[in-house]
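Next comes my_file.cif, with mmCIF, C-alpha atoms.
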```
data_structure
#
loop_
_atom_site.label_atom_id
_atom_site.label_comp_id
_atom_site.auth_asym_id
_atom_site.auth_seq_id
_atom_site.Cartn_x
_atom_site.Cartn_y
_atom_site.Cartn_z
CA MET H 16 -4.38 44.53 -2.36
CA PHE H 17 -4.96 47.77 -0.53
CA ASN H 18 -8.75 47.71 -0.69
CA THR H 19 -8.50 50.06 2.29
CA LEU H 20 -7.02 52.64 -0.07
CA ARG H 21 -10.14 52.47 -2.18
CA TYR H 22 -11.34 55.76 -0.72
CA GLN H 23 -12.79 54.20 2.47
CA VAL H 24 -16.23 55.12 1.27
CA LEU H 25 -18.13 52.01 0.24
CA GLY H 26 -20.83 51.31 2.77
CA CYS H 27 -19.68 54.17 4.98
CA CYS H 28 -22.62 56.56 4.83
CA LEU H 29 -22.39 58.07 8.30
CA PHE H 30 -24.93 60.79 7.79
CA ALA H 31 -27.20 62.11 5.08
CA VAL H 32 -25.82 64.12 2.19
CA LEU H 33 -26.53 67.80 2.68
CA GLY H 34 -29.12 66.77 5.22
CA ASP H 35 -29.17 65.83 8.90
CA MET H 36 -25.78 66.14 10.52
CA PRO H 37 -24.40 65.05 13.88
CA THR H 38 -24.52 67.53 16.72
CA PHE H 39 -21.16 69.15 17.35
CA ALA H 40 -20.42 70.02 20.96
CA GLU H 41 -18.82 73.20 19.68
CA GLU H 42 -19.27 74.40 16.13
CA PRO H 43 -15.98 74.43 14.25
CA LYS H 44 -14.43 77.87 14.05
CA LEU H 45 -12.31 77.61 10.94
CA ASN H 46 -11.03 80.00 8.32
CA TRP H 47 -12.53 78.31 5.30
CA LEU H 48 -10.88 78.35 1.89
CA PRO H 49 -13.75 78.62 -0.62
CA ALA H 50 -13.73 76.33 -3.66
CA THR H 51 -15.94 76.09 -6.72
CA ALA H 52 -17.18 72.57 -7.37
CA TYR H 53 -17.75 71.00 -10.79
CA ALA H 54 -19.42 67.62 -11.23
CA ILE H 55 -17.42 65.20 -13.34
CA PRO H 56 -19.76 63.52 -15.89
CA LYS H 57 -21.65 60.91 -13.93
CA GLU H 58 -21.74 58.44 -16.80
CA THR H 59 -17.96 58.04 -16.43
CA THR H 60 -18.12 56.42 -12.98
CA ASN H 61 -20.40 54.02 -11.14
CA GLN H 62 -19.01 54.53 -7.63
CA GLY H 63 -18.55 58.30 -7.66
CA SER H 64 -14.81 57.91 -7.80
CA GLY H 65 -11.48 58.32 -9.46
CA TYR H 66 -7.87 58.46 -8.33
CA PHE H 67 -4.87 60.80 -8.61
CA SER H 68 -5.31 61.01 -12.37
CA ILE H 69 -5.29 64.76 -13.05
CA VAL H 70 -2.91 67.07 -14.90
CA ALA H 71 -2.97 70.53 -16.45
CA GLY H 72 -2.27 70.45 -20.18
CA LYS H 73 -0.22 72.97 -22.12
CA ASN H 74 -3.51 74.28 -23.52
CA GLY H 75 -4.64 75.31 -20.02
CA ARG H 76 -7.21 72.52 -19.78
CA LEU H 77 -7.31 69.78 -17.17
CA TYR H 78 -7.28 66.08 -17.99
CA ILE H 79 -8.93 63.79 -15.45
CA GLY H 80 -9.18 60.01 -15.32
CA THR H 81 -12.22 58.16 -14.00
CA ALA H 82 -13.04 54.70 -12.66
CA LYS H 83 -16.09 52.69 -13.70
CA TYR H 84 -15.73 49.26 -12.14
CA GLY H 85 -16.60 46.31 -14.34
CA VAL H 86 -17.40 48.64 -17.23
CA GLY H 87 -14.39 50.73 -18.33
CA SER H 88 -12.75 54.10 -17.77
CA TYR H 89 -12.62 57.53 -19.35
CA LEU H 90 -10.40 60.56 -19.77
CA VAL H 91 -12.31 63.79 -19.20
CA GLU H 92 -11.25 67.27 -20.33
CA PHE H 93 -12.20 70.33 -18.28
CA ASP H 94 -11.89 73.79 -19.78
CA PRO H 95 -11.54 76.44 -17.02
CA ALA H 96 -12.45 79.17 -19.51
CA THR H 97 -15.86 77.74 -20.43
CA LYS H 98 -16.35 75.68 -17.22
CA GLN H 99 -17.33 72.74 -19.42
CA MET H 100 -16.35 69.08 -19.25
CA LYS H 101 -16.36 66.45 -21.95
CA VAL H 102 -15.20 62.88 -22.39
CA VAL H 103 -12.23 62.79 -24.77
CA VAL H 104 -11.16 59.14 -24.39
CA ASP H 105 -13.27 56.02 -23.87
CA THR H 106 -10.54 53.48 -23.07
CA HIS H 107 -12.55 50.42 -24.10
CA LYS H 108 -13.49 52.00 -27.41
CA GLU H 109 -9.86 52.85 -28.13
CA ILE H 110 -8.66 49.37 -27.18
CA GLY H 111 -11.49 47.69 -29.06
CA THR H 112 -12.68 45.51 -26.18
CA THR H 113 -16.11 44.47 -24.93
CA ALA H 114 -14.77 42.92 -21.72
CA THR H 115 -16.86 43.10 -18.56
CA GLY H 116 -16.28 42.39 -14.88
CA PHE H 117 -12.74 42.15 -13.57
CA ALA H 118 -11.39 41.83 -17.13
CA THR H 119 -12.24 45.47 -17.78
CA GLN H 120 -9.93 48.47 -17.70
CA SER H 121 -11.78 49.76 -14.65
CA LYS H 122 -9.50 52.67 -13.77
CA ILE H 123 -7.26 55.37 -15.05
CA HIS H 124 -5.12 55.51 -11.94
CA THR H 125 -1.88 56.96 -13.31
CA ARG H 126 -0.48 60.33 -12.39
CA ASN H 127 -1.22 61.83 -15.81
CA ASN H 128 1.73 63.56 -17.44
CA VAL H 129 2.22 65.95 -20.34
CA GLY H 130 4.88 65.60 -23.00
CA ALA H 131 6.81 68.47 -24.57
CA SER H 132 4.43 68.08 -27.53
CA GLY H 133 1.41 68.80 -25.31
CA LYS H 134 0.18 65.21 -25.57
CA ILE H 135 -1.39 63.66 -22.47
CA TYR H 136 0.14 60.41 -21.20
CA PHE H 137 -1.99 58.08 -19.07
CA ALA H 138 -2.69 54.36 -18.67
CA THR H 139 -5.27 51.89 -17.44
CA LYS H 140 -5.40 49.68 -14.36
CA GLN H 141 -7.40 46.81 -12.92
CA GLY H 142 -10.28 47.14 -10.47
CA TYR H 143 -11.10 44.54 -7.82
CA PRO H 144 -12.20 40.93 -8.37
CA GLU H 145 -15.55 39.93 -6.90
CA LYS H 146 -15.27 36.61 -5.08
CA ASP H 147 -18.98 35.88 -5.33
CA LYS H 148 -18.59 35.97 -9.13
CA ASN H 149 -15.56 33.68 -9.00
CA GLU H 150 -13.36 36.36 -10.55
CA LYS H 151 -9.60 35.79 -10.37
CA TRP H 152 -6.64 38.17 -10.59
CA GLU H 153 -5.57 36.40 -13.77
CA ASP H 154 -8.83 37.42 -15.49
CA TYR H 155 -7.40 40.90 -15.97
CA PRO H 156 -5.38 40.97 -19.19
CA GLY H 157 -3.16 43.91 -18.21
CA GLY H 158 -3.11 47.69 -18.51
CA TYR H 159 -2.54 49.77 -21.63
CA PRO H 160 -0.41 52.92 -21.94
CA MET H 161 -2.24 55.61 -23.92
CA VAL H 162 -1.34 58.98 -25.41
CA TYR H 163 -4.06 61.52 -26.17
CA ASP H 164 -3.32 64.41 -28.52
CA PRO H 165 -5.54 67.45 -27.74
CA MET H 166 -4.61 68.99 -31.10
CA THR H 167 -6.04 66.15 -33.17
CA GLY H 168 -8.38 64.49 -30.67
CA LYS H 169 -6.77 61.14 -31.43
CA THR H 170 -5.45 58.54 -29.00
CA LYS H 171 -2.60 56.08 -29.50
CA VAL H 172 -2.81 52.81 -27.58
CA TYR H 173 0.32 50.80 -26.76
CA PRO H 174 0.49 47.06 -26.00
CA ILE H 175 0.21 45.61 -22.50
CA PRO H 176 3.74 45.72 -20.98
CA VAL H 177 3.29 42.92 -18.39
CA PRO H 178 0.37 40.45 -18.55
CA HIS H 179 -2.14 40.81 -15.68
CA HIS H 180 -0.43 43.96 -14.35
CA GLY H 181 -2.08 47.35 -14.32
CA ILE H 182 -0.09 50.53 -14.86
CA ILE H 183 0.37 53.06 -12.07
CA SER H 184 2.82 55.50 -13.66
CA ILE H 185 3.79 56.71 -17.13
CA THR H 186 6.28 59.54 -17.62
CA PRO H 187 7.37 60.64 -21.10
CA ASP H 188 10.78 61.73 -22.35
CA GLU H 189 9.80 62.69 -25.88
CA SER H 190 13.27 64.06 -26.65
CA ARG H 191 14.51 60.46 -26.55
CA GLY H 192 11.36 58.92 -27.98
CA ILE H 193 10.57 56.98 -24.81
CA ALA H 194 8.29 56.86 -21.81
CA TYR H 195 8.95 55.23 -18.45
CA ILE H 196 6.35 52.81 -17.09
CA SER H 197 5.66 51.40 -13.62
CA THR H 198 3.35 48.40 -13.43
CA CYS H 199 1.26 47.20 -10.49
CA ALA H 200 0.18 43.63 -9.86
CA ASP H 201 -2.02 44.56 -6.89
CA LYS H 202 -0.81 41.73 -4.71
CA GLN H 203 1.48 41.16 -1.74
CA PRO H 204 4.37 41.39 -2.14
CA GLU H 205 3.76 43.91 -4.90
CA ASP H 206 5.36 43.63 -8.32
CA SER H 207 6.16 46.98 -9.91
CA HIS H 208 8.28 46.75 -13.02
CA PHE H 209 10.32 49.83 -13.92
CA MET H 210 10.22 49.78 -17.72
CA ILE H 211 11.08 51.78 -20.83
CA LEU H 212 8.52 52.09 -23.63
CA ASN H 213 9.83 52.87 -27.12
CA LEU H 214 7.19 55.32 -28.35
CA GLU H 215 7.87 54.65 -32.03
CA LYS H 216 8.14 50.86 -31.99
CA GLY H 217 5.80 50.12 -29.08
CA THR H 218 8.34 47.77 -27.50
CA TYR H 219 9.42 47.50 -23.87
CA ARG H 220 12.58 47.04 -21.88
CA ASP H 221 12.27 45.87 -18.27
CA LEU H 222 14.86 47.57 -16.04
CA MET H 223 13.93 45.90 -12.73
CA ASP H 224 11.10 44.88 -10.42
CA CYS H 225 11.10 47.50 -7.65
CA HIS H 226 8.27 45.89 -5.58
CA HIS H 227 7.06 49.34 -4.52
CA ILE H 228 3.36 50.14 -4.33
CA PHE H 229 1.91 53.12 -6.19
CA ALA H 230 5.23 54.27 -7.64
CA PHE H 231 5.63 57.61 -9.42
CA ILE H 232 8.46 58.11 -11.92
CA SER H 233 10.24 61.46 -12.26
CA ILE H 234 12.88 62.69 -14.74
CA ASP H 235 15.60 65.12 -13.70
CA HIS H 236 17.52 67.89 -15.47
CA LEU H 237 19.97 65.38 -16.94
CA GLY H 238 17.27 63.11 -18.28
CA ARG H 239 17.74 60.50 -15.52
CA ALA H 240 14.59 58.64 -14.40
CA TYR H 241 13.84 57.83 -10.72
CA HIS H 242 11.64 55.04 -9.33
CA PRO H 243 11.23 54.10 -5.62
CA ILE H 244 12.29 50.63 -4.45
CA LEU H 245 10.70 48.74 -1.57
CA GLY H 246 12.81 49.28 1.55
CA GLY H 247 13.91 52.83 0.84
CA GLU H 248 16.39 52.64 -2.00
CA ILE H 249 15.75 54.61 -5.18
CA ALA H 250 16.37 53.31 -8.69
CA ARG H 251 17.94 55.79 -11.09
CA TYR H 252 18.32 55.08 -14.79
CA ASP H 253 20.60 57.25 -16.92
CA PRO H 254 19.74 56.94 -20.64
CA ASN H 255 22.96 58.75 -21.55
CA THR H 256 25.12 55.97 -20.11
CA ASP H 257 22.50 53.19 -20.12
CA LYS H 258 23.29 52.69 -16.44
CA LEU H 259 20.84 51.64 -13.70
CA GLU H 260 21.84 52.56 -10.14
CA ARG H 261 20.38 51.76 -6.72
CA LEU H 262 20.74 54.88 -4.60
CA LYS H 263 20.52 55.09 -0.84
CA GLN H 264 18.78 58.09 0.70
CA THR H 265 19.19 60.26 3.76
CA ILE H 266 16.90 62.79 5.40
CA ASP H 267 18.69 65.62 7.15
CA GLY H 268 21.89 63.57 7.01
CA GLN H 269 20.42 60.42 8.59
CA PRO H 270 18.73 57.26 7.25
CA PRO H 271 14.94 57.66 7.00
CA THR H 272 13.07 56.82 10.20
CA LYS H 273 10.27 54.28 10.40
CA GLU H 274 7.88 57.14 11.19
CA SER H 275 8.71 58.87 7.91
CA ASN H 276 7.21 55.94 5.93
CA LEU H 277 9.99 56.44 3.37
CA ALA H 278 11.75 53.12 3.82
CA LEU H 279 9.36 50.46 5.11
CA PRO H 280 11.01 47.08 4.46
CA THR H 281 8.09 44.74 3.79
CA THR H 282 4.84 46.55 3.00
CA GLY H 283 5.97 49.83 1.49
CA HIS H 284 3.88 52.97 1.59
CA PRO H 285 2.25 55.14 -1.10
CA ILE H 286 4.59 58.06 -1.75
CA ASN H 287 3.77 61.17 -3.77
CA TRP H 288 6.64 62.34 -5.97
CA ASP H 289 6.88 65.32 -8.27
CA ILE H 290 9.79 67.31 -9.65
CA SER H 291 10.63 71.02 -9.84
CA PRO H 292 10.38 72.74 -13.25
CA ASP H 293 14.18 72.91 -13.50
CA GLY H 294 14.45 69.18 -12.77
CA LYS H 295 16.88 69.67 -9.88
CA THR H 296 14.63 69.04 -6.85
CA LEU H 297 12.46 66.00 -6.22
CA TYR H 298 9.63 66.66 -3.77
CA CYS H 299 8.32 63.76 -1.74
CA LEU H 300 5.22 63.36 0.41
CA PRO H 301 4.40 59.96 1.94
CA MET H 302 0.65 59.44 2.14
CA SER H 303 0.34 59.19 5.93
CA THR H 304 3.28 61.35 6.99
CA ASN H 305 2.57 64.92 8.04
CA GLN H 306 5.76 66.14 6.43
CA LEU H 307 7.09 67.36 3.08
CA PHE H 308 10.56 66.27 1.96
CA ALA H 309 12.89 67.38 -0.84
CA TYR H 310 15.87 65.66 -2.49
CA ASP H 311 18.78 67.40 -4.19
CA LEU H 312 19.13 65.81 -7.64
CA THR H 313 22.35 67.70 -8.38
CA ALA H 314 24.22 65.73 -5.69
CA THR H 315 26.88 63.22 -6.68
CA GLY H 316 27.62 59.79 -5.25
CA ASP H 317 25.45 56.79 -4.42
CA THR H 318 23.27 58.52 -1.82
CA LEU H 319 20.42 60.89 -2.56
CA PRO H 320 20.39 63.60 0.14
CA GLY H 321 16.98 64.72 1.32
CA LYS H 322 15.73 67.17 3.88
CA SER H 323 12.58 67.82 5.88
CA LEU H 324 10.71 70.95 4.87
CA GLY H 325 8.13 70.93 7.66
CA ALA H 326 4.66 69.80 8.66
CA LEU H 327 1.73 70.03 6.26
CA VAL H 328 -1.06 70.58 8.80
CA PRO H 329 0.45 71.55 12.17
CA GLY H 330 -1.15 69.72 15.07
CA ALA H 331 -3.12 67.24 12.96
CA LYS H 332 -3.75 63.88 14.63
CA THR H 333 -3.60 62.05 11.32
CA VAL H 334 -3.22 63.07 7.70
CA ASP H 335 -3.85 61.41 4.37
CA CYS H 336 -2.32 62.86 1.22
CA ARG H 337 -2.62 61.15 -2.15
CA ALA H 338 -2.67 64.45 -3.99
CA MET H 339 0.53 66.45 -4.45
CA CYS H 340 1.95 68.28 -7.44
CA VAL H 341 4.54 70.86 -8.39
CA GLY H 342 2.98 73.72 -10.34
CA PRO H 343 4.39 75.53 -13.36
CA THR H 344 6.13 78.18 -11.25
CA GLY H 345 7.65 75.66 -8.82
CA GLU H 346 5.06 75.87 -6.04
CA VAL H 347 4.34 72.57 -4.33
CA CYS H 348 0.60 72.08 -3.80
CA ALA H 349 -1.13 69.33 -1.86
CA ALA H 350 -4.69 68.37 -1.02
CA VAL H 351 -4.37 66.91 2.47
CA THR H 352 -7.17 65.40 4.52
CA GLU H 353 -6.95 65.69 8.29
CA GLY H 354 -8.52 62.95 10.36
CA GLY H 355 -9.69 62.94 13.95
CA ARG H 356 -10.76 66.58 14.31
CA PHE H 357 -14.46 65.62 14.47
CA GLU H 358 -14.00 62.02 15.58
CA LYS H 359 -16.48 62.30 18.46
CA GLU H 360 -19.23 64.02 16.48
CA ALA H 361 -18.63 62.42 13.08
CA PRO H 362 -16.38 59.33 13.12
CA GLY H 363 -14.63 58.83 9.81
CA MET H 364 -14.93 62.40 8.60
CA ASN H 365 -11.84 63.89 6.99
CA LEU H 366 -11.29 67.63 6.71
CA LEU H 367 -9.73 68.70 3.40
CA HIS H 368 -6.90 71.26 3.52
CA ASN H 369 -4.98 72.89 0.70
CA VAL H 370 -1.28 73.18 1.52
CA ARG H 371 1.34 75.14 -0.39
CA TYR H 372 5.12 75.31 -0.25
CA ARG H 373 7.14 77.98 -2.04
CA PRO H 374 10.82 77.15 -2.61
CA GLY H 375 13.04 79.13 -0.30
CA SER H 376 10.30 79.74 2.27
CA SER H 377 10.45 78.54 5.87
CA GLY H 378 8.13 75.60 5.23
CA PRO H 379 4.72 74.44 3.98
CA VAL H 380 1.73 76.69 4.66
CA ASP H 381 -1.70 75.31 5.49
CA LEU H 382 -3.94 77.61 3.42
CA GLY H 383 -6.98 76.36 5.30
CA PRO H 384 -9.76 73.79 5.16
CA VAL H 385 -11.71 73.78 1.91
CA SER H 386 -15.39 74.64 1.71
CA ILE H 387 -17.69 74.49 -1.31
CA LYS H 388 -19.21 77.86 -2.18
CA ASN H 389 -21.69 76.48 -4.74
CA PRO H 390 -23.28 73.53 -2.88
CA ASN H 391 -25.99 73.12 -5.54
CA TYR H 392 -23.43 72.38 -8.27
CA THR H 393 -25.13 69.05 -9.03
CA GLU H 394 -28.24 67.06 -8.16
CA PHE H 395 -28.06 65.07 -4.93
CA VAL H 396 -31.60 63.70 -4.89
CA ASP H 397 -33.86 62.11 -7.48
CA LYS H 398 -37.22 63.45 -8.67
CA ASP H 399 -38.86 61.93 -5.60
CA GLY H 400 -36.44 63.64 -3.24
CA LYS H 401 -34.55 60.47 -2.35
CA PRO H 402 -30.74 60.71 -2.03
CA LEU H 403 -28.93 59.53 -5.12
CA PRO H 404 -26.59 56.57 -4.57
CA MET H 405 -22.88 57.35 -4.28
CA HIS H 406 -23.57 61.00 -3.46
CA TYR H 407 -22.84 61.03 0.27
CA GLY H 408 -19.34 62.49 0.20
CA ILE H 409 -20.46 66.14 0.26
CA VAL H 410 -21.78 67.26 3.66
CA LYS H 411 -23.20 70.34 5.30
CA LEU H 412 -21.90 71.32 8.73
CA PRO H 413 -24.04 72.92 11.45
CA ASP H 414 -22.63 76.37 10.68
CA GLY H 415 -23.93 76.07 7.09
CA THR H 416 -20.56 75.26 5.54
CA THR H 417 -20.58 72.66 2.79
CA THR H 418 -17.43 70.57 2.52
CA THR H 419 -16.11 67.14 1.58
CA LYS H 420 -16.03 64.11 3.83
CA TYR H 421 -13.53 61.69 2.33
CA VAL H 422 -9.92 61.74 1.22
CA ASN H 423 -9.07 63.66 -1.97
CA LEU H 424 -7.21 61.71 -4.59
CA GLY H 425 -5.63 64.11 -7.03
CA CYS H 426 -4.15 67.59 -7.27
CA ALA H 427 -3.03 69.92 -10.07
CA GLN H 428 -2.13 73.59 -10.40
CA THR H 429 -2.74 75.68 -13.51
CA SER H 430 -0.65 78.59 -14.76
CA ASP H 431 -2.91 81.15 -13.06
CA GLY H 432 -2.12 79.61 -9.66
CA SER H 433 -5.48 77.90 -9.11
CA ILE H 434 -5.32 74.63 -7.18
CA TYR H 435 -7.58 71.80 -8.32
CA SER H 436 -8.32 68.59 -6.44
CA LEU H 437 -10.61 65.59 -6.82
CA ALA H 438 -13.32 64.79 -4.27
CA LEU H 439 -15.40 61.61 -4.05
CA VAL H 440 -19.04 60.50 -4.13
CA PRO H 441 -19.99 62.22 -6.30
CA TYR H 442 -16.76 62.51 -8.27
CA THR H 443 -16.09 66.24 -8.14
CA LEU H 444 -13.46 68.71 -9.30
CA LEU H 445 -12.73 71.43 -6.73
CA GLN H 446 -11.13 74.70 -7.80
CA VAL H 447 -9.49 76.99 -5.26
CA GLU H 448 -8.53 80.29 -6.86
CA PRO H 449 -4.98 81.57 -6.33
CA PRO H 450 -4.64 82.14 -2.57
CA LYS H 451 -3.16 85.48 -1.59
#
```
Mind turning this structure into structure tokens?
Amino acid sequence: MFNTLRYQVLGCCLFAVLGDMPTFAEEPKLNWLPATAYAIPKETTNQGSGYFSIVAGKNGRLYIGTAKYGVGSYLVEFDPATKQMKVVVDTHKEIGTTATGFATQSKIHTRNNVGASGKIYFATKQGYPEKDKNEKWEDYPGGYPMVYDPMTGKTKVYPIPVPHHGIISITPDESRGIAYISTCADKQPEDSHFMILNLEKGTYRDLMDCHHIFAFISIDHLGRAYHPILGGEIARYDPNTDKLERLKQTIDGQPPTKESNLALPTTGHPINWDISPDGKTLYCLPMSTNQLFAYDLTATGDTLPGKSLGALVPGAKTVDCRAMCVGPTGEVCAAVTEGGRFEKEAPGMNLLHNVRYRPGSSGPVDLGPVSIKNPNYTEFVDKDGKPLPMHYGIVKLPDGTTTTKYVNLGCAQTSDGSIYSLALVPYTLLQVEPPK
């Protein structure tokens, strides 16, 4: 399911990496937002890719998941102070498996989360079966929740919650000794079980199947957990009363429109969720909707009231956002790719923007398209000068600007205000220093 969400990069080399480019009728006149690029260890991926698996730890370091199809997956630690990366978790080694092909834990796809203890919560997910190898969906055993402790360097692995399902979300509530899980079957209609993991016993309780693709789970100021449901309702579980509710939602006092992508009845839509530091506001950004929304979690009743906060990239023909987070001070940050700007000169090229929203302001602010100020951050050609495979996602425009070509798939903000996002082919961490 949703192979089209697989970065839209495989077999899509439209022009040479950092080489010959299409001729633009008029060179783009843009106020570029410079970023420093860091190559994620290339041995951790075989298709130059990863997903929205990135989070800033309490120690100031970033924790990034990778995808290595048919082989395994890894958790990488980046230290902004030393600018160094290292692999801290080899998922197959921790599980104790030698599986190959579709039976592997090919991805860490979860929105990584941090517990009050500073431990990093993440989980594994399936890749894609290859028909020519007669691989079947049932060959995948299921995903494993994992908890990495930066203090000890040790990882705890929990059992598979639902056979043959990957895991798309894991959110801890260490004060209650639990974590909330959302599974993903990767099929139509999707199965996504909203579950509770007992962190001490390693047992599960299945609250409901929400059937929503790529679901994020958030916990509010009262300890209540939220999970989207296909069709627009929102599941809310209150551990204090052991009550599961199905909430309706409104946007600006009205039911969500079809164009908002918040309440599609049959297919669903990937929706970014993250919560304010005080746990009272849930921010929401549907992947293909050029709009940021916010819900008031202090409201009473069976309807969750939301409101529109404004456009992400004003005037954009299309947008794609799979990368949104709320930073430690409450800023909402997003890595948004704009499509169609260069459609005539470079079909398929996406222009990466960093967008920021500060609570109480008039709306989101497009900080600008992102350029790479250190284009030689990694090797792009082999010793014979031939382009390396899976390295065609970084391009050089006619004006000399180096930028990314494909959608970005993760976003995090550190305590100093820097915005980090994940670019593809090669898998790259981009750091934009605190914008003024």
For range 194-207 of chain H, find every residue with an atom within 6 Å (counting all atoms listed in the file), except residues of its own chain fewer than 2 positions away, and show them as a ChimeraX atom specification. /H:16,180-188,209-212,224-227
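The residues returned by the PyMOL selection byres ((chain H and resi 155-162) around 7) on the shown structure are Phe117, Ala118, Thr119, Gln120, Lys134, Ile135, Tyr136, Phe137, Ala138, Thr139, Lys140, Gln141, Trp152, Glu153, Asp154, Tyr163, Asp164, Thr170, Lys171, Val172, Tyr173, Pro174, Ile175, Val177, Pro178, His179, His180, Gly181 and Ile182 of chain H.
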Convert the current residue selection to file output with C-alpha atoms, as an mmCIF file, in the coordinates of the input.
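Heads up, here's the output in again-v1.cif:
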```
data_model
loop_
_atom_site.group_PDB
_atom_site.id
_atom_site.type_symbol
_atom_site.label_atom_id
_atom_site.label_comp_id
_atom_site.auth_asym_id
_atom_site.auth_seq_id
_atom_site.Cartn_x
_atom_site.Cartn_y
_atom_site.Cartn_z
ATOM 1 C CA PHE H 117 -12.740 42.150 -13.570
ATOM 2 C CA ALA H 118 -11.390 41.830 -17.130
ATOM 3 C CA THR H 119 -12.240 45.470 -17.780
ATOM 4 C CA GLN H 120 -9.930 48.470 -17.700
ATOM 5 C CA LYS H 134 0.180 65.210 -25.570
ATOM 6 C CA ILE H 135 -1.390 63.660 -22.470
ATOM 7 C CA TYR H 136 0.140 60.410 -21.200
ATOM 8 C CA PHE H 137 -1.990 58.080 -19.070
ATOM 9 C CA ALA H 138 -2.690 54.360 -18.670
ATOM 10 C CA THR H 139 -5.270 51.890 -17.440
ATOM 11 C CA LYS H 140 -5.400 49.680 -14.360
ATOM 12 C CA GLN H 141 -7.400 46.810 -12.920
ATOM 13 C CA TRP H 152 -6.640 38.170 -10.590
ATOM 14 C CA GLU H 153 -5.570 36.400 -13.770
ATOM 15 C CA ASP H 154 -8.830 37.420 -15.490
ATOM 16 C CA TYR H 163 -4.060 61.520 -26.170
ATOM 17 C CA ASP H 164 -3.320 64.410 -28.520
ATOM 18 C CA THR H 170 -5.450 58.540 -29.000
ATOM 19 C CA LYS H 171 -2.600 56.080 -29.500
ATOM 20 C CA VAL H 172 -2.810 52.810 -27.580
ATOM 21 C CA TYR H 173 0.320 50.800 -26.760
ATOM 22 C CA PRO H 174 0.490 47.060 -26.000
ATOM 23 C CA ILE H 175 0.210 45.610 -22.500
ATOM 24 C CA VAL H 177 3.290 42.920 -18.390
ATOM 25 C CA PRO H 178 0.370 40.450 -18.550
ATOM 26 C CA HIS H 179 -2.140 40.810 -15.680
ATOM 27 C CA HIS H 180 -0.430 43.960 -14.350
ATOM 28 C CA GLY H 181 -2.080 47.350 -14.320
ATOM 29 C CA ILE H 182 -0.090 50.530 -14.860
#
```
For this file, the PyMOL selection byres ((chain H and resi 313-321) around 9) selects which residues, as JSON, numbers by chain? {"H": [235, 236, 249, 260, 261, 262, 263, 264, 265, 266, 267, 268, 295, 296, 297, 308, 309, 310, 311, 312, 322, 323]}
What is the distance, in Å and to one decimal place, between CA of Ser433 in chain H and CA of Ser291 in chain H?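 Computing the Euclidean distance for CA of Ser433 in chain H and CA of Ser291 in chain H yields 17.5 Å.
Take the candidates H:Ile69, H:Ile232, H:Leu214, H:Leu382 and check each one against Ile244 in chain H using all atoms listed in the file; the shortest distance goes to H:Ile232.
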Under the PyMOL selection byres ((chain H and resi 278) around 6), which residues of this model are included? Write them out as an NGL selection string. :H and (246-247 or 276-277 or 279)
Find the residues around Tyr89 in chain H up to 6 Å (all atoms listed in the file counted), leave out those fewer than 2 positions away in its own chain, and share them as a list in words.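 Non-adjacent residues within range: Gly80, Thr81, Val104, Asp105 and Thr106 of chain H.
Distance check against Thr418 in chain H using all atoms listed in the file: of H:Val447, H:Leu77, H:Ile387, H:Val380, the minimum falls on H:Ile387.
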Spatial neighbours of Thr352 in chain H, 8 Å, only C-alpha atoms, chain gap at least 6 places, as an MDAnalysis selection string: chainID H and resid 334:336 365:368 421:423
Quick one: pull the distance between CA of Gly111 in chain H and CA of Glu150 in chain H, Å, one decimal. 21.8 Å
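Compared by their closest atoms to Ser64 in chain H, and using all atoms listed in the file, the residues H:Asn128, H:Ser275, H:Ser386, H:Ser121 rank with H:Ser121 nearest.
The shortest atom-to-atom distance to Tyr442 in chain H, with all atoms listed in the file taken into account, belongs to H:Tyr53 out of H:Phe357, H:Phe93, H:Tyr53, H:Tyr372.
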Would you pick out the contacts of range 394-397 of chain H at 10 Å or less, using all atoms listed in the file, so that residues sharing its chain but fewer than 3 positions from it are not included, and give the list as a list of chain:residue names?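 Using all atoms listed in the file, the neighbours found are H:Val32, H:Leu33, H:Ala54, H:Pro390, H:Asn391, H:Gly400, H:Lys401, H:Pro402, H:Leu403, H:Pro404, H:Met405, H:His406, H:Tyr407, H:Ile409, H:Pro441.
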For Arg191 in chain H, which residue out of H:Thr429, H:Asn255, H:Ser68, H:Asn46 is the nearest one, using only C-alpha atoms? H:Asn255
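For the pair CA of Asp221 in chain H and CA of His124 in chain H, the interatomic distance is 20.9 Å.
Ranking H:Lys122, H:Lys148, H:Arg337, H:His242 by their shortest atom-to-atom distance to Ala230 in chain H, with all atoms listed in the file included, puts H:His242 first.
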Tell me which protein, DNA and RNA residues are within 12 Å of Lys98 in chain H, counting all atoms listed in the file, leaving out same-chain ones fewer than 2 positions away, and put them as a list in words. Thr51, Ala52, Tyr53, Ala54, Ile55, Arg76, Leu77, Glu92, Phe93, Asp94, Pro95, Ala96, Met100, Lys101, Tyr392, Leu444, Leu445 and Gln446 of chain H
